[in-house]
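Q: I have a structure I would like to understand better, so I am pasting it below and will then ask my questions one at a time.
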Amino acid sequence: MKLRKLSWNEKLSTELCSLDRDHKNLIEAFNVFVDALDRNEPSDKLLDMFQAVINELFQHFAFEEKMMENIGFKEMIEHKQHHETLNADAVEVLSELRQSESPEDILASVNFLRALIMKHMVEQDLKIRDFILRGL
Ligand SMILES: [Fe+2]
Ligand SMILES: [Fe+2]
């Protein structure tokens with residue numbers, strides 16, 4: 001199975017520098033992990049790198065939630081629930097990685113997590129942009 005990286009493009013822009021920067025950092029941390037997995041780095045190193053992805057994710061969600069609160073974003077409760085689900089999915093992948101005999105075992109989960117992160121940025125985070133730009 002081929003591992004896929006995340007990539008940022010202008011279509012993902014929320015028009016907010018701070019949020020875009022956070023998203024880029026998250027993508028970068030994820031890609032560092034994917035590269036390490038691709039190179040078959042030892043499992044303790046992979047665990048550290050995946051923990052860094054989770055830290056980036058948690059930190060980003062806290063920041064984004066504070067921001068949603070500040071601007072009075074209408075769908076904040078639903079958005080927070082999406083964050084909680086994504087957090088739980090990432091923690092699940094971490095525990096799969098801990099228990100896996102070989103990194104090969106978790107490739108499907110890592111690709112799935114990648115798709116979930118991208119889906120969240122496209123389907124949920126862009127709603128914040130629409131709210132700011134058009135009051136939607
Ligand atoms: Fe979000
Ligand atoms: Fe976000």
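Please note that chains go A, B, ... in the order of the structure tokens, that every chain numbers its residues from 1, and that ligands are numbered from 1 in the order shown.
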Can you tell me, as a list in words, what residues are no more than 12 Å from range 94-106 of chain A when counting only C-alpha atoms, ignoring any on the same chain fewer than 6 positions away?

A: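 Within the cut-off, the hits are Met1, Lys2, Leu3, Phe33, Val34, Ala36, Leu37, Asp38, Arg39, Asn40, Glu41, Pro42, Ser43, Asp44, Lys45, Leu46, Leu47, Asp48, Met49, Phe50, Gln51, Ala52, Val53, Ile54, Asn55, Asn87, Ala88, Phe112 and Leu113 of chain A.
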
Q: Report as a list in words all protein, DNA and RNA residues lying within 9 Å of Arg129 in chain A, evaluated on only C-alpha atoms, omitting residues in the same chain fewer than 4 positions from it.

A: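 Neighbouring residues, sequence-local ones excluded: Ser13, Thr14, Glu15, Leu16, Asp125, Leu133 and Arg134 of chain A.
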
Q: Would you pick out the contacts of Leu12 in chain A at 8 Å or less, using only C-alpha atoms, so that residues sharing its chain but fewer than 3 positions from it are not included, and give the list as a PyMOL selection string?

A: chain A and resi 8-9+121-122+126

Q: Looking at only C-alpha atoms and all ligand atoms, which of A:Ala29, A:Ile132, A:Met68, A:Ile77 is the one that sits closest to ligand 2?

A: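 Smallest separation from ligand 2 among the options: A:Met68.
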
Q: As a VMD selection string, please: every protein or nucleic acid residue near ligand 2 (cut-off 7 Å, counting only C-alpha atoms and all ligand atoms).

A: chain A and resid 19 23 60 to 61 64 121 125

Q: Just the number, please: distance in Å from CA of Phe63 in chain A to CA of Leu107 in chain A, one decimal.

A: 29.0 Å

Q: Fewer than 3 positions away in the same chain doesn't count, so skip those; otherwise give me all residues within 12 Å of Glu65 in chain A, counting only C-alpha atoms, as a PyMOL selection string.

A: chain A and resi 19+58-62+68-84+125+128

Q: Taking the DSSP secondary structure from the backbone, can you list the residues of range 76-129 of chain A that are alpha helix (DSSP H), as a PyMOL selection string?

A: chain A and resi 76-99+107-120+126-129
